[in-house]
>>> print(open('start_31.cif').read())   # mmCIF, C-alpha atoms; chains and numbers go by the auth columns
data_work
#
loop_
_atom_site.group_PDB
_atom_site.id
_atom_site.type_symbol
_atom_site.label_atom_id
_atom_site.label_comp_id
_atom_site.label_asym_id
_atom_site.label_seq_id
_atom_site.Cartn_x
_atom_site.Cartn_y
_atom_site.Cartn_z
_atom_site.B_iso_or_equiv
_atom_site.auth_seq_id
_atom_site.auth_asym_id
ATOM 1 C CA MET A 1 122.875 121.129 134.643 0.00 471 A
ATOM 2 C CA GLU A 2 125.747 123.590 134.273 0.00 472 A
ATOM 3 C CA LEU A 3 123.470 126.065 132.486 0.00 473 A
ATOM 4 C CA PHE A 4 121.446 126.533 135.668 0.00 474 A
ATOM 5 C CA GLU A 5 124.252 126.691 138.210 0.00 475 A
ATOM 6 C CA MET A 6 125.108 130.371 137.689 0.00 476 A
ATOM 7 C CA CYS A 7 122.670 133.261 137.924 0.00 477 A
ATOM 8 C CA PRO A 8 122.446 135.155 134.607 0.00 478 A
ATOM 9 C CA VAL A 9 121.893 138.424 136.530 0.00 479 A
ATOM 10 C CA CYS A 10 124.452 138.517 139.334 0.00 480 A
ATOM 11 C CA GLN A 11 126.676 135.668 138.136 0.00 481 A
ATOM 12 C CA ARG A 12 126.531 133.871 141.492 0.00 482 A
ATOM 13 C CA VAL A 13 125.775 130.275 142.351 0.00 483 A
ATOM 14 C CA CYS A 14 122.080 129.399 142.341 0.00 484 A
ATOM 15 C CA ASP A 15 119.990 126.776 144.054 0.00 485 A
ATOM 16 C CA VAL A 16 118.817 124.198 141.524 0.00 486 A
ATOM 17 C CA GLN A 17 116.064 121.645 142.043 0.00 487 A
ATOM 18 C CA THR A 18 115.107 118.976 139.518 0.00 488 A
ATOM 19 C CA ARG A 19 112.007 116.850 139.120 0.00 489 A
ATOM 20 C CA ARG A 20 111.664 113.827 136.858 0.00 490 A
ATOM 21 C CA MET A 21 108.563 112.113 135.535 0.00 491 A
ATOM 22 C CA GLY A 22 109.462 109.432 133.015 0.00 492 A
ATOM 23 C CA THR A 23 111.134 111.181 130.088 0.00 493 A
ATOM 24 C CA PHE A 24 110.074 114.554 131.508 0.00 494 A
ATOM 25 C CA LEU A 25 112.607 116.736 133.332 0.00 495 A
ATOM 26 C CA SER A 26 111.784 119.959 135.168 0.00 496 A
ATOM 27 C CA VAL A 27 114.500 122.294 136.465 0.00 497 A
ATOM 28 C CA GLU A 28 113.765 125.098 138.930 0.00 498 A
ATOM 29 C CA GLN A 29 116.483 127.711 139.378 0.00 499 A
ATOM 30 C CA LEU A 30 116.524 130.226 142.244 0.00 500 A
ATOM 31 C CA CYS A 31 119.228 132.740 143.052 0.00 501 A
ATOM 32 C CA PRO A 32 119.409 133.391 146.831 0.00 502 A
ATOM 33 C CA HIS A 33 121.262 136.655 146.243 0.00 503 A
ATOM 34 C CA CYS A 34 119.145 138.588 143.743 0.00 504 A
ATOM 35 C CA GLN A 35 116.019 136.400 143.931 0.00 505 A
ATOM 36 C CA PHE A 36 116.139 135.613 140.221 0.00 506 A
ATOM 37 C CA SER A 37 114.134 132.482 139.395 0.00 507 A
ATOM 38 C CA ARG A 38 113.059 130.534 136.365 0.00 508 A
ATOM 39 C CA LEU A 39 111.466 127.198 135.544 0.00 509 A
ATOM 40 C CA TRP A 40 112.502 125.047 132.593 0.00 510 A
ATOM 41 C CA ASN A 41 110.624 121.975 131.314 0.00 511 A
ATOM 42 C CA SER A 42 112.071 119.525 128.829 0.00 512 A
ATOM 43 C CA GLN A 43 108.672 119.062 127.134 0.00 513 A
ATOM 44 C CA PRO A 44 105.210 120.641 127.150 0.00 514 A
ATOM 45 C CA ILE A 45 102.627 119.549 129.695 0.00 515 A
ATOM 46 C CA VAL A 46 99.103 118.731 128.507 0.00 516 A
ATOM 47 C CA ARG A 47 96.597 118.566 131.363 0.00 517 A
ATOM 48 C CA SER A 48 99.254 117.595 133.900 0.00 518 A
ATOM 49 C CA THR A 49 100.613 114.936 131.515 0.00 519 A
ATOM 50 C CA PRO A 50 104.026 115.428 129.873 0.00 520 A
ATOM 51 C CA ALA A 51 103.519 115.438 126.114 0.00 521 A
ATOM 52 C CA GLY A 52 106.704 113.476 125.432 0.00 522 A
ATOM 53 C CA ASN A 53 105.594 110.635 127.695 0.00 523 A
ATOM 54 C CA LEU A 54 102.233 110.506 125.958 0.00 524 A
ATOM 55 C CA GLN A 55 103.810 110.556 122.494 0.00 525 A
ATOM 56 C CA LEU A 56 106.145 107.724 123.443 0.00 526 A
ATOM 57 C CA SER A 57 103.229 105.645 124.761 0.00 527 A
ATOM 58 C CA THR A 58 101.295 106.346 121.569 0.00 528 A
ATOM 59 C CA SER A 59 104.157 105.283 119.312 0.00 529 A
ATOM 60 C CA VAL A 60 104.539 102.013 121.237 0.00 530 A
ATOM 61 C CA TYR A 61 100.797 101.316 121.271 0.00 531 A
ATOM 62 C CA VAL A 62 99.866 102.073 117.657 0.00 532 A
ATOM 63 C CA ASN A 63 102.872 100.193 116.248 0.00 533 A
ATOM 64 C CA GLY A 64 102.176 97.077 118.296 0.00 534 A
ATOM 65 C CA GLU A 65 105.535 97.160 120.017 0.00 535 A
ATOM 66 C CA SER A 66 106.402 95.801 123.453 0.00 536 A
ATOM 67 C CA PHE A 67 106.702 98.267 126.305 0.00 537 A
ATOM 68 C CA PHE A 68 109.061 95.939 128.149 0.00 538 A
ATOM 69 C CA LYS A 69 111.451 95.698 125.191 0.00 539 A
ATOM 70 C CA LEU A 70 111.540 99.484 124.982 0.00 540 A
ATOM 71 C CA GLU A 71 112.187 99.610 128.705 0.00 541 A
ATOM 72 C CA LYS A 72 115.211 97.331 128.326 0.00 542 A
ATOM 73 C CA VAL A 73 116.634 99.417 125.468 0.00 543 A
ATOM 74 C CA LEU A 74 116.309 102.711 127.336 0.00 544 A
ATOM 75 C CA LYS A 75 117.703 101.177 130.496 0.00 545 A
ATOM 76 C CA ALA A 76 120.744 99.947 128.571 0.00 546 A
ATOM 77 C CA ILE A 77 121.564 103.497 127.446 0.00 547 A
ATOM 78 C CA ASN A 78 120.686 104.958 130.860 0.00 548 A
ATOM 79 C CA LEU A 79 117.571 106.895 129.832 0.00 549 A
ATOM 80 C CA GLN A 80 114.606 107.473 132.112 0.00 550 A
ATOM 81 C CA LEU A 81 111.225 105.900 131.335 0.00 551 A
ATOM 82 C CA PHE A 82 107.862 105.922 133.064 0.00 552 A
ATOM 83 C CA GLU A 83 106.295 102.857 134.662 0.00 553 A
ATOM 84 C CA TYR A 84 104.124 100.291 132.902 0.00 554 A
ATOM 85 C CA ASP A 85 101.081 101.464 134.877 0.00 555 A
ATOM 86 C CA THR A 86 101.561 104.914 133.363 0.00 556 A
ATOM 87 C CA PHE A 87 101.606 103.378 129.890 0.00 557 A
ATOM 88 C CA LEU A 88 98.319 101.581 130.609 0.00 558 A
ATOM 89 C CA ARG A 89 96.786 104.798 131.922 0.00 559 A
ATOM 90 C CA HIS A 90 97.831 106.659 128.778 0.00 560 A
ATOM 91 C CA ALA A 91 96.250 103.931 126.641 0.00 561 A
ATOM 92 C CA LYS A 92 92.978 103.975 128.562 0.00 562 A
ATOM 93 C CA MET A 93 92.581 107.736 128.942 0.00 563 A
ATOM 94 C CA PHE A 94 94.031 109.088 125.696 0.00 564 A
ATOM 95 C CA ILE A 95 95.168 106.617 123.034 0.00 565 A
ATOM 96 C CA GLU A 96 92.224 104.219 122.781 0.00 566 A
ATOM 97 C CA PRO A 97 89.531 106.952 122.859 0.00 567 A
ATOM 98 C CA ALA A 98 91.444 108.840 120.155 0.00 568 A
ATOM 99 C CA ILE A 99 91.690 105.718 117.971 0.00 569 A
ATOM 100 C CA VAL A 100 87.988 104.935 118.345 0.00 570 A
ATOM 101 C CA SER A 101 86.980 108.529 117.632 0.00 571 A
ATOM 102 C CA ASN A 102 89.187 108.728 114.546 0.00 572 A
ATOM 103 C CA PHE A 103 87.914 105.384 113.242 0.00 573 A
ATOM 104 C CA LYS A 104 84.271 106.374 113.694 0.00 574 A
ATOM 105 C CA THR A 105 84.869 109.641 111.855 0.00 575 A
ATOM 106 C CA SER A 106 86.584 107.836 108.978 0.00 576 A
ATOM 107 C CA GLN A 107 83.857 105.186 108.973 0.00 577 A
ATOM 108 C CA GLU A 108 81.082 107.767 108.639 0.00 578 A
ATOM 109 C CA MET A 109 82.875 109.444 105.739 0.00 579 A
ATOM 110 C CA MET A 110 83.446 106.093 104.021 0.00 580 A
ATOM 111 C CA LEU A 111 79.838 104.951 104.446 0.00 581 A
ATOM 112 C CA ARG A 112 78.609 108.282 103.107 0.00 582 A
ATOM 113 C CA ARG A 113 80.820 107.877 100.051 0.00 583 A
ATOM 114 C CA LEU A 114 79.745 104.264 99.489 0.00 584 A
ATOM 115 C CA SER A 115 76.076 105.216 99.703 0.00 585 A
ATOM 116 C CA GLU A 116 76.580 107.607 96.777 0.00 586 A
ATOM 117 C CA GLU A 117 78.065 104.933 94.509 0.00 587 A
ATOM 118 C CA ASP A 118 75.945 102.851 92.157 0.00 588 A
ATOM 119 C CA LYS A 119 77.654 99.575 92.955 0.00 589 A
ATOM 120 C CA ILE A 120 80.059 98.455 95.653 0.00 590 A
ATOM 121 C CA ILE A 121 82.069 95.271 96.132 0.00 591 A
ATOM 122 C CA PRO A 122 81.914 94.279 99.806 0.00 592 A
ATOM 123 C CA GLY A 123 84.101 91.556 101.239 0.00 593 A
ATOM 124 C CA GLY A 124 85.177 90.270 104.597 0.00 594 A
ATOM 125 C CA ASP A 125 86.763 87.547 106.651 0.00 595 A
ATOM 126 C CA LEU A 126 86.874 86.364 110.241 0.00 596 A
ATOM 127 C CA TRP A 127 89.899 86.539 112.495 0.00 597 A
ATOM 128 C CA ALA A 128 89.697 84.313 115.573 0.00 598 A
ATOM 129 C CA ASP A 129 91.878 83.926 118.639 0.00 599 A
ATOM 130 C CA SER A 130 92.611 80.262 117.837 0.00 600 A
ATOM 131 C CA PRO A 131 92.477 78.041 114.725 0.00 601 A
ATOM 132 C CA GLY A 132 89.935 75.325 114.088 0.00 602 A
ATOM 133 C CA HIS A 133 86.519 75.126 115.713 0.00 603 A
ATOM 134 C CA SER A 134 87.502 76.051 119.264 0.00 604 A
ATOM 135 C CA GLU A 135 87.777 79.818 118.987 0.00 605 A
ATOM 136 C CA ARG A 136 86.216 81.830 121.799 0.00 606 A
ATOM 137 C CA SER A 137 86.349 85.349 120.372 0.00 607 A
ATOM 138 C CA GLY A 138 86.995 86.982 117.047 0.00 608 A
ATOM 139 C CA SER A 139 86.577 89.987 114.802 0.00 609 A
ATOM 140 C CA HIS A 140 85.081 90.142 111.334 0.00 610 A
ATOM 141 C CA THR A 141 86.587 92.633 108.913 0.00 611 A
ATOM 142 C CA THR A 142 84.218 94.138 106.354 0.00 612 A
ATOM 143 C CA MET A 143 85.985 95.856 103.457 0.00 613 A
ATOM 144 C CA ASP A 144 85.328 97.797 100.316 0.00 614 A
ATOM 145 C CA LEU A 145 87.243 95.702 97.793 0.00 615 A
ATOM 146 C CA LYS A 146 87.413 98.499 95.234 0.00 616 A
ATOM 147 C CA ILE A 147 89.860 100.541 97.264 0.00 617 A
ATOM 148 C CA ASN A 148 90.681 97.970 99.994 0.00 618 A
ATOM 149 C CA ASN A 149 89.464 100.112 102.877 0.00 619 A
ATOM 150 C CA VAL A 150 88.158 98.600 106.110 0.00 620 A
ATOM 151 C CA VAL A 151 84.544 99.611 106.739 0.00 621 A
ATOM 152 C CA ASP A 152 83.860 97.867 110.040 0.00 622 A
ATOM 153 C CA ILE A 153 85.502 95.495 112.544 0.00 623 A
ATOM 154 C CA PRO A 154 82.830 94.093 114.892 0.00 624 A
ATOM 155 C CA LEU A 155 84.069 92.096 117.877 0.00 625 A
ATOM 156 C CA PHE A 156 82.103 89.257 119.452 0.00 626 A
ATOM 157 C CA LYS A 157 82.434 86.024 121.429 0.00 627 A
ATOM 158 C CA SER A 158 81.342 82.573 120.377 0.00 628 A
ATOM 159 C CA ASP A 159 78.858 82.248 123.244 0.00 629 A
ATOM 160 C CA GLU A 160 77.096 85.388 121.998 0.00 630 A
ATOM 161 C CA VAL A 161 76.305 83.870 118.599 0.00 631 A
ATOM 162 C CA GLY A 162 75.529 80.261 119.494 0.00 632 A
ATOM 163 C CA GLY A 163 78.924 78.648 119.040 0.00 633 A
ATOM 164 C CA SER A 164 82.175 79.067 117.164 0.00 634 A
ATOM 165 C CA CYS A 165 80.685 77.688 113.943 0.00 635 A
ATOM 166 C CA GLN A 166 78.308 80.649 113.798 0.00 636 A
ATOM 167 C CA MET A 167 80.972 83.343 114.179 0.00 637 A
ATOM 168 C CA GLU A 168 81.727 83.714 110.467 0.00 638 A
ATOM 169 C CA LYS A 169 78.043 84.013 109.632 0.00 639 A
ATOM 170 C CA GLU A 170 77.451 86.496 112.440 0.00 640 A
ATOM 171 C CA GLY A 171 80.296 88.702 111.251 0.00 641 A
ATOM 172 C CA LEU A 172 78.970 88.657 107.690 0.00 642 A
ATOM 173 C CA GLU A 173 75.460 89.540 108.842 0.00 643 A
ATOM 174 C CA ARG A 174 76.693 92.437 110.951 0.00 644 A
ATOM 175 C CA GLY A 175 78.831 93.816 108.151 0.00 645 A
ATOM 176 C CA LEU A 176 76.058 93.620 105.560 0.00 646 A
ATOM 177 C CA ALA A 177 73.534 95.031 108.032 0.00 647 A
ATOM 178 C CA LEU A 178 75.751 98.069 108.585 0.00 648 A
ATOM 179 C CA LEU A 179 76.088 98.647 104.843 0.00 649 A
ATOM 180 C CA GLN A 180 72.366 98.239 104.307 0.00 650 A
ATOM 181 C CA GLU A 181 71.560 100.555 107.224 0.00 651 A
ATOM 182 C CA HIS A 182 73.528 103.371 105.596 0.00 652 A
ATOM 183 C CA GLY A 183 72.004 102.794 102.176 0.00 653 A
ATOM 184 C CA CYS A 184 75.071 101.152 100.665 0.00 654 A
ATOM 185 C CA LEU A 185 73.156 98.009 99.624 0.00 655 A
ATOM 186 C CA ASP A 186 69.872 98.888 97.983 0.00 656 A
ATOM 187 C CA ASP A 187 68.862 95.277 97.497 0.00 657 A
ATOM 188 C CA LEU A 188 70.596 92.706 99.663 0.00 658 A
ATOM 189 C CA MET A 189 68.869 89.742 98.003 0.00 659 A
ATOM 190 C CA ALA A 190 70.046 90.905 94.578 0.00 660 A
ATOM 191 C CA LEU A 191 73.596 91.082 95.883 0.00 661 A
ATOM 192 C CA ILE A 192 73.469 87.516 97.177 0.00 662 A
ATOM 193 C CA PHE A 193 71.568 85.713 94.422 0.00 663 A
ATOM 194 C CA ASP A 194 72.181 87.755 91.269 0.00 664 A
ATOM 195 C CA GLU A 195 75.737 89.008 91.670 0.00 665 A
ATOM 196 C CA ASN A 196 77.439 86.248 93.674 0.00 666 A
ATOM 197 C CA PHE A 197 75.638 83.044 92.620 0.00 667 A
ATOM 198 C CA VAL A 198 76.262 82.978 88.890 0.00 668 A
ATOM 199 C CA ASP A 199 74.778 80.132 86.804 0.00 669 A
ATOM 200 C CA PRO A 200 77.525 77.466 86.888 0.00 670 A
ATOM 201 C CA ALA A 201 76.172 75.407 83.941 0.00 671 A
ATOM 202 C CA PRO A 202 78.405 76.903 81.189 0.00 672 A
ATOM 203 C CA PHE A 203 81.485 76.562 83.362 0.00 673 A
ATOM 204 C CA LYS A 204 80.631 72.953 84.223 0.00 674 A
ATOM 205 C CA GLU A 205 80.465 71.974 80.548 0.00 675 A
ATOM 206 C CA GLU A 206 83.861 73.516 79.859 0.00 676 A
ATOM 207 C CA ILE A 207 85.434 71.812 82.863 0.00 677 A
ATOM 208 C CA LEU A 208 84.134 68.394 81.792 0.00 678 A
ATOM 209 C CA LYS A 209 85.863 68.822 78.425 0.00 679 A
ATOM 210 C CA VAL A 210 89.261 69.023 80.095 0.00 680 A
ATOM 211 C CA THR A 211 91.079 65.677 79.950 0.00 681 A
ATOM 212 C CA ILE A 212 92.859 64.579 83.091 0.00 682 A
ATOM 213 C CA THR A 213 96.058 62.660 82.448 0.00 683 A
ATOM 214 C CA GLU A 214 97.162 59.755 84.589 0.00 684 A
ATOM 215 C CA ASP A 215 99.735 60.182 87.288 0.00 685 A
ATOM 216 C CA LEU A 216 103.322 59.519 86.285 0.00 686 A
ATOM 217 C CA CYS A 217 103.523 56.676 88.771 0.00 687 A
ATOM 218 C CA ALA A 218 100.670 54.900 86.980 0.00 688 A
ATOM 219 C CA GLN A 219 102.918 54.389 83.937 0.00 689 A
ATOM 220 C CA ASP A 220 105.336 52.200 85.899 0.00 690 A
ATOM 221 C CA GLU A 221 104.806 48.688 87.156 0.00 691 A
ATOM 222 C CA ARG A 222 103.773 48.464 90.768 0.00 692 A
ATOM 223 C CA PRO A 223 106.094 46.152 92.740 0.00 693 A
ATOM 224 C CA VAL A 224 104.764 43.399 94.938 0.00 694 A
ATOM 225 C CA LYS A 225 104.906 44.359 98.599 0.00 695 A
ATOM 226 C CA GLU A 226 106.239 40.992 99.801 0.00 696 A
ATOM 227 C CA GLU A 227 109.071 41.001 97.255 0.00 697 A
ATOM 228 C CA VAL A 228 110.185 44.478 98.304 0.00 698 A
ATOM 229 C CA ILE A 229 110.246 43.487 101.977 0.00 699 A
ATOM 230 C CA GLU A 230 112.149 40.281 101.244 0.00 700 A
ATOM 231 C CA SER A 231 114.789 42.067 99.173 0.00 701 A
ATOM 232 C CA PHE A 232 115.259 44.702 101.871 0.00 702 A
ATOM 233 C CA VAL A 233 115.666 42.078 104.612 0.00 703 A
ATOM 234 C CA THR A 234 118.154 40.149 102.469 0.00 704 A
ATOM 235 C CA GLN A 235 120.182 43.311 101.882 0.00 705 A
ATOM 236 C CA VAL A 236 120.319 44.063 105.612 0.00 706 A
ATOM 237 C CA LYS A 237 121.485 40.529 106.429 0.00 707 A
ATOM 238 C CA THR A 238 124.187 40.712 103.765 0.00 708 A
ATOM 239 C CA GLU A 239 125.534 44.009 105.106 0.00 709 A
ATOM 240 C CA ALA A 240 125.524 42.637 108.660 0.00 710 A
ATOM 241 C CA PHE A 241 127.809 39.747 107.720 0.00 711 A
#
>>> encode(input="start_31.cif", output="structure tokens")
Amino acid sequence: MELFEMCPVCQRVCDVQTRRMGTFLSVEQLCPHCQFSRLWNSQPIVRSTPAGNLQLSTSVYVNGESFFKLEKVLKAINLQLFEYDTFLRHAKMFIEPAIVSNFKTSQEMMLRRLSEEDKIIPGGDLWADSPGHSERSGSHTTMDLKINNVVDIPLFKSDEVGGSCQMEKEGLERGLALLQEHGCLDDLMALIFDENFVDPAPFKEEILKVTITEDLCAQDERPVKEEVIESFVTQVKTEAF
């Protein structure tokens, strides 16, 4: 704060007031002698929100980091940080709408490109909140396997689709419906029956020709269970005495 203590005009002591808002610092300097004044901000302000605070919230949010871990680190080196409620407000008002808008723009461009191609290779899988058959919510990722780009990520709950066993099917239907709606799949039935379900007869004949050798343990004599138990008990008694 030494830079603001002296007036640059009359070289006298000035009145200095500071204001903090998270990582934002504002310094107001006023000279009572010559009435010189100036205001200095440590970072730009975007619609009453310090840009540095918003950038820090964005970096934490998009990288999946923990706000509380960051808070501990900054506290250890004596740096100011905004409250957790401010972080949640940044996420709700700025970060999440920006992510959704950017994804929708990229999705429209990708679907437009896929609709111009002769053949695409769609793929997808379900991610659920718990393993097994007890998941309550999940998201199904639909991808273009040629370039490994995500086309859509629909979210749904198990009670919306008739149970957890129907979640995988529901995600597949939604993904294919989106592709078909934008003209990416000219013939959905051809995709399912002609391109995915290949005639397995030639492969079955080749597999049956493969000889399966016996396990290595089958080449040795199998001991009698009672004899093994008796020998073990005898050994224990001998060691005891």
>>> resolve_selection(input="start_31.cif", expression="the PyMOL selection byres ((chain A and resi 568-575) around 12)", output="PDB file with C-alpha atoms, in the frame of the given file")
ATOM      1  CA  THR A 528     101.295 106.346 121.569  1.00  0.00           C
ATOM      2  CA  TYR A 531     100.797 101.316 121.271  1.00  0.00           C
ATOM      3  CA  VAL A 532      99.866 102.073 117.657  1.00  0.00           C
ATOM      4  CA  HIS A 560      97.831 106.659 128.778  1.00  0.00           C
ATOM      5  CA  ALA A 561      96.250 103.931 126.641  1.00  0.00           C
ATOM      6  CA  LYS A 562      92.978 103.975 128.562  1.00  0.00           C
ATOM      7  CA  MET A 563      92.581 107.736 128.942  1.00  0.00           C
ATOM      8  CA  PHE A 564      94.031 109.088 125.696  1.00  0.00           C
ATOM      9  CA  ILE A 565      95.168 106.617 123.034  1.00  0.00           C
ATOM     10  CA  GLU A 566      92.224 104.219 122.781  1.00  0.00           C
ATOM     11  CA  PRO A 567      89.531 106.952 122.859  1.00  0.00           C
ATOM     12  CA  SER A 576      86.584 107.836 108.978  1.00  0.00           C
ATOM     13  CA  GLN A 577      83.857 105.186 108.973  1.00  0.00           C
ATOM     14  CA  GLU A 578      81.082 107.767 108.639  1.00  0.00           C
ATOM     15  CA  MET A 579      82.875 109.444 105.739  1.00  0.00           C
ATOM     16  CA  MET A 580      83.446 106.093 104.021  1.00  0.00           C
ATOM     17  CA  LEU A 581      79.838 104.951 104.446  1.00  0.00           C
ATOM     18  CA  ARG A 582      78.609 108.282 103.107  1.00  0.00           C
ATOM     19  CA  ASN A 619      89.464 100.112 102.877  1.00  0.00           C
ATOM     20  CA  VAL A 620      88.158  98.600 106.110  1.00  0.00           C
ATOM     21  CA  VAL A 621      84.544  99.611 106.739  1.00  0.00           C
ATOM     22  CA  ASP A 622      83.860  97.867 110.040  1.00  0.00           C
ATOM     23  CA  ILE A 623      85.502  95.495 112.544  1.00  0.00           C
TER      24      ILE A 623
END
>>> residues_around(input="start_31.cif", residues="A:Ala598", least_positions_apart="2", cutoff="9 Å", atoms="all atoms listed in the file", output="ChimeraX atom specification")
/A:596,600-601,605-610,637
>>> atom_distance(input="start_31.cif", atom1="atom CA of A:Trp510", atom2="atom CA of A:Asn523")
16.7 Å
>>> closest_residue(input="start_31.cif", among="A:Arg508, A:Lys616, A:His503, A:Lys695", to="A:Val486", atoms="only C-alpha atoms")
A:Arg508
>>> resolve_selection(input="start_31.cif", expression="the PyMOL selection byres ((chain A and resi 500) around 6)", output="PyMOL selection string")
chain A and resi 484-485+499+501+506-507
>>> residues_around(input="start_31.cif", residues="stretch 535-547 of chain A", least_positions_apart="5", cutoff="12 Å", atoms="all atoms listed in the file", output="JSON, numbers by chain")
{"A": [492, 493, 526, 527, 528, 529, 530, 552, 553, 554, 555, 556, 557, 558, 561]}
>>> write_last_selection(input="start_31.cif", atoms="C-alpha atoms", output="tab-separated table (two decimals), keeping the file's coordinate frame")
chain	number	residue	atom	x	y	z
A	492	GLY	CA	109.46	109.43	133.01
A	493	THR	CA	111.13	111.18	130.09
A	526	LEU	CA	106.14	107.72	123.44
A	527	SER	CA	103.23	105.64	124.76
A	528	THR	CA	101.30	106.35	121.57
A	529	SER	CA	104.16	105.28	119.31
A	530	VAL	CA	104.54	102.01	121.24
A	552	PHE	CA	107.86	105.92	133.06
A	553	GLU	CA	106.30	102.86	134.66
A	554	TYR	CA	104.12	100.29	132.90
A	555	ASP	CA	101.08	101.46	134.88
A	556	THR	CA	101.56	104.91	133.36
A	557	PHE	CA	101.61	103.38	129.89
A	558	LEU	CA	98.32	101.58	130.61
A	561	ALA	CA	96.25	103.93	126.64
>>> closest_residue(input="start_31.cif", among="A:Leu551, A:Val698, A:Leu646, A:Leu655", to="A:Ile590", atoms="all atoms listed in the file")
A:Leu655
>>> atom_distance(input="start_31.cif", atom1="atom CA of A:Leu615", atom2="atom CA of A:Asn533")
24.6 Å
>>> atom_distance(input="start_31.cif", atom1="atom CA of A:Val479", atom2="atom CA of A:Cys504")
7.7 Å
>>> closest_residue(input="start_31.cif", among="A:Arg482, A:Lys589, A:Val680, A:Asp595", to="A:Glu638", atoms="all atoms listed in the file")
A:Asp595
>>> resolve_selection(input="start_31.cif", expression="the PyMOL selection byres ((chain A and resi 592) around 8)", output="ChimeraX atom specification")
/A:590-591,593-594,612-615
